[in-house]
Structures are given as C-alpha cells and as structure tokens.
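Read through the structure below, which is laid out as structure tokens, and then see the notes.
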Amino acid sequence: MRLTGSRLGVLLGLLVGVALGGILLTLRWGMDLEDIWARGSRPIRVLDRSPGTQDPARPASTSGLLDPDPYLADEEDLYRQRSNAIVRATRQVAPAVVSINVVQQQAVRDPGMDLMERLGFIPGRQYYRSIRNIGSGVIVSADGLVVTNYHVIADAVQVIVTLSDGSQYQARLVDTVERYDLAIVQIQGHDLPHARLAANDDLQIGEWAIAIGSPFGYLLADTQPTVTVGVISAVNRDIRRSEGDRDYLGMIQTDAAINPGNSGGPLVNTAGEVVGINTFIFSGTGGSVGIGFAVPVARVRTVIEEVRQYGHYREFYLGFTLHKLSPGLVQSLGLDDPLGFVVTRVWNGSAAWKAGIRPEDILREINGQPLDSADTITRLVYEANVGDQLPFKAERGGRVWYGEIVIEEAR
C-alpha cells in the first residue's frame with residue numbers, strides 16, 4: 001500500500017514519540033526522585049537492588065518478610081513525641097489528685113431570734129447554718145495522707161475525699177497550719193496512688209509548671225482532675241492582705257490557670273514532682289488571669305514531717321514584744337545606731353527569756369538579718385520552726401552582746 005505524504009508524516013511522528021518516551025523513561029528510572037517531596041509526596045529513592053546489597057538507612061530483615069513501612073515507624077515516633085515531659089509528669093501525679101467536698105458550719109444571726117432573746121422570751125444562743133465548699137488535694141503517702149489548703153476545710157464538720165477513680169472516703173482532720181494555709185487530712189486506705197514531693201526548692205524562673213486539681217467537685221460526673229500548664233513566673237513573692245487577713249510570704253507565682261476549686265491541688269514540675277500547693281489567685285473576675293500563687297514544697301515537707309513524728313505541727317512563740325526605734329527613741333536612749341528594735345516586754349520562761357533577752361534591750365540582728373523593718377521580723381518568725389536556733393545581736397547599756405534563741409513548742 002502506498003503511503004501518502006500525510007500518512008507518512010503521522011507514522012514518523014509516532015515513531016519519534018515512542019523513541020523519545022523510551023529515552024525519558026530510561027532517564028527517569030535511574031534518577032533520584034526526592035524532588036517529588038516538594039509536590040506533596042513522600043521521598044522515594046531508587047537504589048541498586050543487586051544481590052548482596054541493602055538500603056543502609058534500614059536494618060536488614062531477619063524474618064524473611066517484607067520490611068515494615070518506615071513511615072508507619074515515623075507515626076510511632078510522632079506519638080512518642082506527643083508524650084512529652086508534661087504529659088509524662090501528668091500521668092504520674094494525676095491519679096494522686098483528689099476532690100475535697102466539705103460541709104462547714106457558719107455562725108449566723110437571725111434578727112427575729114435576736115429580738116426574742118432581748119425580750120427574754122427565749123434564751124440566748126448561737127445559730128449556725130451548713131454550707132458546702134469544694135477544693136482539691138493531693139495524696140502524699142500510700143497510707144492516705146492528703147495535703148490541701150486550710151481555707152478549704154476550715155470549720156468543717158464533714159470532709160469527703162473523692163479519688164480520680166471515683167472511690168470516696170470519709171476523711172479525718174489531722175492538723176492545720178493556718179500560718180501557711182495548709183491542712184492535713186487522713187483517709188483509710190492501703191497502696192493508694194501518691195505523689196512525690198520535690199526534694200528541694202531549686203525552681204527556675206521560666207520552667208514549666210503544671211497545675212492539677214478538681215475545680216468542679218461534684219458538678220461534673222467525671223472525677224478525673226483537670227490540668228493547666230504555664231511557667232514559674234516568680235519565687236519568694238510576699239503578698240500582704242488587708243487588715244485582719246492572712247499574709248502569704250515566700251510564695252511561688254505561676255501563670256498556669258488556677259480556677260475556683262483548684263485550691264489545695266499540686267503544682268508540679270516536669271519531673272513529676274510536687275513543688276507547691278496551689279492556694280489563691282489575683283483576679284477581678286473570679287477566674288484565672290494568669291496570676292496564681294502556691295505554697296512552696298519546703299513548708300509542705302516540714303508540716304508532713306512534724307505530723308509524722310509528733311502527730312501534729314508544733315506551734316511556737318518567741319515570748320517578747322518589740323517596738324521599732326524611732327528618732328525620738330534613739331535620742332532619748334542615747335543610741336548611735338538607729339537600726340533595730342527595742343524590747344518592750346518579755347514573758348518569763350519563754351524562749352526569749354531563756355536566751356537572756358530583757359526589756360529595754362536593743363535587738364540589732366536576728367539570724368544574720370539586720371532588723372531594718374517589721375517585715376524582716378515577720379519573715380523571720382514566719383519561716384521559723386520548733387527546734388530552730390536563731391542567733392542574735394543585741395545592745396544593753398551601750399554594750400554589744402550576742403545570744404541565741406532556741407525555739408520551743410508553745411504549751
């Protein structure tokens with residue numbers, strides 16, 4: 001059959017196309033195709049599969065089966081990366097975090113009953129009403145010792161502790177330390193989940209802080225605690241409250257959200273250690289604005305050790321009263337140094353009396369701290385414990401002398 005010019009052109013075109021396609025396919029078969037990654041696919045490498053060779057990036061198979069997909073392994077790595085230090089710390093501590101539900105007795109006045117009492121129709125008496133309060137706590141021993149805040153269980157007539165697995169226990173109040181806003185309660189149990197207290201207070205500003213608590217108590221059917229994360233914002237914060245309220249000294253500040261009901265729950269580091277007990281927040285709305293405070297773990301350890309050894313926390317008093325030196329006092333007493341406090345009263349038999357301190361002595365230093373303000377003395381007393389020895393520097397009749405106060409339990 002004779003080919004026309006047009007048919008010959010088509011045939012030549014087909015032959016050229018087939019030849020070019022073969023050349024391109026040969027080139028593409030041997031090239032590194034990692035540029036496909038840029039188009040959204042995973043990288044592929046075409047390697048020499050001649051006998052006796054293997055991909056150096058993958059271990060040799062010993063099962064005789066096909067090697068597993070390396071990208072499934074990547075997904076496993078990704079899952080392990082999600083289980084970061086915060087997740088691991090939460091898993092360690094969360095089972096030991098409890099919800100505390102309290103029934104408290106609050107004194108009330110009834111105007112109608114007051115009138116009846118004044119008229120003599122009924123005898124005078126105090127009336128109370130029951131109110132409910134919720135908070136959090138953390139189990140710190142396998143036998144059920146629980147730490148929480150004093151303000152959570154103050155004036156409680158009933159304390160119910162609920163674990164994360166839903167089990168409930170009637171708790172017994174062991175002791176409270178109002179100065180530190182801490183309380184210890186006991187539940188009856190064995191091998192209970194418990195958290196580990198940090199061995200020291202070497203917190204770093206900016207390190208992760210994990211606040212764990214049960215802020216909703218019975219309001220949620222789920223008894224699992226909630227977790228918020230922030231950083232350690234500051235340490236050794238002193239918060240002076242209004243007149244008549246408790247002062248908080250040397251507190252940990254964190255921006256991890258601490259919500260109502262979180263009081264008494266643990267503040268945790270990424271090693272899964274309790275570094276503080278969440279206590280209160282600054283807020284204009286009642287919710288967290290990133291300014292929360294926790295009692296440092298050193299105080300928690302001290303209270304627990306006292307309870308373990310003595311059955312209660314041993315309170316003390318130094319046994320003297322002081323008045324800051326004023327310019328008038330400095331002049332009238334003929335003193336050269338205006339720094340210090342004058343002793344105005346000493347109780348016979350107290351720790352101060354036994355240390356030799358007497359009225360009209362001038363105290364210049366205690367425990368190496370110059371007594372420059374009332375805040376310095378407040379901090380010294382706040383951080384002291386029974387058994388501590390406080391060296392001091394004093395002046396009497398123009399003569400400097402030194403002594404030591406040995407703190408004793410108040411009787």
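In the structure tokens, chains take the letters A, B, ... in the order shown, each chain's residues start at 1, and ligands count up from 1 in the order shown.
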
Segment 152-249 of chain A near segment 288-292 of chain A within 10 Å: what's each residue's closest atom pair and its distance in Å to one decimal, counting only C-alpha atoms, ordered by chain then ascending residue number, as a tab-separated table?
residue	atom	partner	partner_atom	distance
A:Ala211	CA	A:Gly292	CA	10.0
A:Gly230	CA	A:Gly290	CA	8.5
A:Val231	CA	A:Gly290	CA	10.0
A:Ile232	CA	A:Gly292	CA	9.9
A:Ser233	CA	A:Ile291	CA	8.6

Exercise for the section: Might you pull out every residue within 7 Å of Thr279 of chain A, with only C-alpha atoms counted and same-chain residues fewer than 6 positions away left off, and present them as a PyMOL selection string? Expected result: chain A and resi 149+263-264+293-295

Problem - Thr148 of chain A surroundings by only C-alpha atoms, 9 Å radius, close-in-sequence under 3 positions cut, as a PyMOL selection string - result: chain A and resi 100+135-138+151-153+181-185+263-266+277-279

Can you write out the residues you just picked, keeping N, CA and C atoms, as a PDB file, in the first residue's frame?
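Saved the output as selection.pdb:
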ATOM      1  N   ILE A 100     -12.016  17.436  97.115  1.00  0.00           N
ATOM      2  CA  ILE A 100     -12.404  17.515  98.523  1.00  0.00           C
ATOM      3  C   ILE A 100     -13.712  18.286  98.629  1.00  0.00           C
ATOM      4  N   GLY A 135     -12.807  21.875  97.016  1.00  0.00           N
ATOM      5  CA  GLY A 135     -11.397  22.165  96.789  1.00  0.00           C
ATOM      6  C   GLY A 135     -10.704  20.928  96.262  1.00  0.00           C
ATOM      7  N   SER A 136      -9.417  20.991  96.225  1.00  0.00           N
ATOM      8  CA  SER A 136      -8.604  19.879  95.737  1.00  0.00           C
ATOM      9  C   SER A 136      -7.577  19.504  96.793  1.00  0.00           C
ATOM     10  N   GLY A 137      -6.921  18.403  96.575  1.00  0.00           N
ATOM     11  CA  GLY A 137      -5.865  17.944  97.462  1.00  0.00           C
ATOM     12  C   GLY A 137      -4.986  16.961  96.727  1.00  0.00           C
ATOM     13  N   VAL A 138      -3.925  16.523  97.382  1.00  0.00           N
ATOM     14  CA  VAL A 138      -3.033  15.551  96.771  1.00  0.00           C
ATOM     15  C   VAL A 138      -2.601  14.546  97.833  1.00  0.00           C
ATOM     16  N   HIS A 151      -7.907  26.892 104.173  1.00  0.00           N
ATOM     17  CA  HIS A 151      -9.179  27.575 103.916  1.00  0.00           C
ATOM     18  C   HIS A 151     -10.200  26.666 103.230  1.00  0.00           C
ATOM     19  N   VAL A 152      -9.746  25.534 102.690  1.00  0.00           N
ATOM     20  CA  VAL A 152     -10.684  24.586 102.070  1.00  0.00           C
ATOM     21  C   VAL A 152     -11.479  23.839 103.133  1.00  0.00           C
ATOM     22  N   ILE A 153     -10.850  23.483 104.250  1.00  0.00           N
ATOM     23  CA  ILE A 153     -11.518  22.640 105.252  1.00  0.00           C
ATOM     24  C   ILE A 153     -11.767  23.365 106.578  1.00  0.00           C
ATOM     25  N   ASP A 181      -1.493  28.306 105.555  1.00  0.00           N
ATOM     26  CA  ASP A 181      -2.712  27.931 104.822  1.00  0.00           C
ATOM     27  C   ASP A 181      -2.625  26.490 104.329  1.00  0.00           C
ATOM     28  N   LEU A 182      -2.179  25.598 105.211  1.00  0.00           N
ATOM     29  CA  LEU A 182      -2.076  24.182 104.883  1.00  0.00           C
ATOM     30  C   LEU A 182      -2.894  23.348 105.864  1.00  0.00           C
ATOM     31  N   ALA A 183      -3.376  22.213 105.391  1.00  0.00           N
ATOM     32  CA  ALA A 183      -4.110  21.273 106.235  1.00  0.00           C
ATOM     33  C   ALA A 183      -3.752  19.857 105.810  1.00  0.00           C
ATOM     34  N   ILE A 184      -3.762  18.956 106.791  1.00  0.00           N
ATOM     35  CA  ILE A 184      -3.500  17.543 106.540  1.00  0.00           C
ATOM     36  C   ILE A 184      -4.732  16.752 106.970  1.00  0.00           C
ATOM     37  N   VAL A 185      -5.257  15.932 106.053  1.00  0.00           N
ATOM     38  CA  VAL A 185      -6.358  15.028 106.385  1.00  0.00           C
ATOM     39  C   VAL A 185      -5.928  13.606 106.072  1.00  0.00           C
ATOM     40  N   SER A 263      -7.878  25.122  94.602  1.00  0.00           N
ATOM     41  CA  SER A 263      -7.124  25.337  95.836  1.00  0.00           C
ATOM     42  C   SER A 263      -6.821  24.008  96.509  1.00  0.00           C
ATOM     43  N   GLY A 264      -5.577  23.820  96.899  1.00  0.00           N
ATOM     44  CA  GLY A 264      -5.167  22.587  97.561  1.00  0.00           C
ATOM     45  C   GLY A 264      -4.566  21.564  96.632  1.00  0.00           C
ATOM     46  N   GLY A 265      -4.695  21.762  95.324  1.00  0.00           N
ATOM     47  CA  GLY A 265      -4.108  20.831  94.369  1.00  0.00           C
ATOM     48  C   GLY A 265      -2.621  21.101  94.191  1.00  0.00           C
ATOM     49  N   PRO A 266      -1.897  20.165  93.587  1.00  0.00           N
ATOM     50  CA  PRO A 266      -0.439  20.313  93.469  1.00  0.00           C
ATOM     51  C   PRO A 266      -0.016  21.147  92.271  1.00  0.00           C
ATOM     52  N   ILE A 277       1.737  23.822  96.626  1.00  0.00           N
ATOM     53  CA  ILE A 277       0.300  23.584  96.765  1.00  0.00           C
ATOM     54  C   ILE A 277      -0.430  24.847  96.320  1.00  0.00           C
ATOM     55  N   ASN A 278      -1.213  24.731  95.243  1.00  0.00           N
ATOM     56  CA  ASN A 278      -1.930  25.876  94.684  1.00  0.00           C
ATOM     57  C   ASN A 278      -2.888  26.446  95.727  1.00  0.00           C
ATOM     58  N   THR A 279      -2.871  27.776  95.896  1.00  0.00           N
ATOM     59  CA  THR A 279      -3.564  28.364  97.034  1.00  0.00           C
ATOM     60  C   THR A 279      -4.557  29.461  96.655  1.00  0.00           C
TER      61      THR A 279
END

Problem - strand (DSSP E or B) positions in segment 202-406 of chain A, given as a ChimeraX atom specification - result: /A:208-213,226-239,248-254,266-268,273-281,292-296,316,320-324,341-346,362-366,369-370,389-396,399-406

Handout entry: Who sits within 9 Å of Leu197 of chain A, only C-alpha atoms, same chain under 5 positions skipped, as a PyMOL selection string
Key = chain A and resi 140+272-276+297+300-301

How about saving the chosen residues, N, CA and C atoms kept, as a short mmCIF file (atom, residue, chain, number, x, y, z; two decimals), in the first residue's frame?
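Wrote result-v8.cif, looks like this:
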data_model
loop_
_atom_site.label_atom_id
_atom_site.label_comp_id
_atom_site.auth_asym_id
_atom_site.auth_seq_id
_atom_site.Cartn_x
_atom_site.Cartn_y
_atom_site.Cartn_z
N VAL A 140 -0.10 12.16 99.52
CA VAL A 140 1.37 12.20 99.57
C VAL A 140 1.96 10.95 100.20
N GLY A 272 7.64 15.30 87.38
CA GLY A 272 6.55 14.63 88.08
C GLY A 272 6.64 14.78 89.59
N GLU A 273 7.24 15.89 90.06
CA GLU A 273 7.38 16.15 91.50
C GLU A 273 6.51 17.33 91.90
N VAL A 274 5.92 17.24 93.08
CA VAL A 274 5.13 18.35 93.61
C VAL A 274 6.09 19.42 94.12
N VAL A 275 5.97 20.63 93.59
CA VAL A 275 6.82 21.74 94.02
C VAL A 275 6.06 22.77 94.83
N GLY A 276 4.73 22.64 94.90
CA GLY A 276 3.93 23.58 95.67
C GLY A 276 2.49 23.14 95.76
N VAL A 297 7.04 23.80 98.42
CA VAL A 297 7.05 22.43 98.91
C VAL A 297 7.85 22.28 100.19
N VAL A 300 5.53 22.38 102.96
CA VAL A 300 4.71 21.16 102.96
C VAL A 300 5.48 20.01 103.60
N ARG A 301 6.74 19.87 103.21
CA ARG A 301 7.57 18.79 103.78
C ARG A 301 7.70 18.95 105.30
#

Handout entry: Which residue of A:Thr344, A:Ser283, A:Asn262, A:Ser141 approaches Ile304 of chain A most closely, using only C-alpha atoms
Key = A:Ser141

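Restricting the calculation to only C-alpha atoms, the smallest distance between Leu203 of chain A and any of A:Gln104, A:Ser167, A:Gln253, A:Thr376 is found for A:Gln253.
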
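All residues of protein, DNA or RNA that reach within 8 Å of Ala352 of chain A, judged by only C-alpha atoms and not counting those fewer than 2 positions away in the chain, are A:Leu318, A:Gly319, A:Phe320, A:Val346, A:Trp347, A:Ser350, A:Lys354, A:Ala355, A:Gly356, A:Ile357, A:Ile405.
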
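The residue that comes closest to Ile139 of chain A, out of A:Gly166, A:Pro296, A:Pro95, A:Pro359 and on the basis of only C-alpha atoms, is A:Pro95.
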
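Among the candidates A:Asp191, A:Asp222, A:Asp238, A:Glu409, the one nearest to Asp165 of chain A when counting only C-alpha atoms is A:Asp222.
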
Problem - Non-local contacts of Tyr180 of chain A (8 Å; only C-alpha atoms; under 3 positions in same chain excluded) as a list in words - result: Val177, Tyr248, Val295 and Arg299 of chain A

With C-alpha atoms retained, write the just-selected residues as a tab-separated table (two decimals), in the first residue's frame.
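Listing of part_23.tsv after writing:
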chain	number	residue	atom	x	y	z
A	177	VAL	CA	-1.27	25.24	109.94
A	248	TYR	CA	1.40	34.96	102.45
A	295	VAL	CA	2.83	27.36	98.93
A	299	ARG	CA	6.81	24.13	104.00

Fill in the blank from the handout: Judged by only C-alpha atoms, the minimum distance to His190 of chain A among A:Val229, A:Val342, A:Leu249, A:Ala142 is found for A:Ala142

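In this comparison, which uses only C-alpha atoms, the residue of A:Thr254, A:Ala298, A:Asp175, A:Asp143 approaching Asn200 of chain A most closely is A:Ala298.
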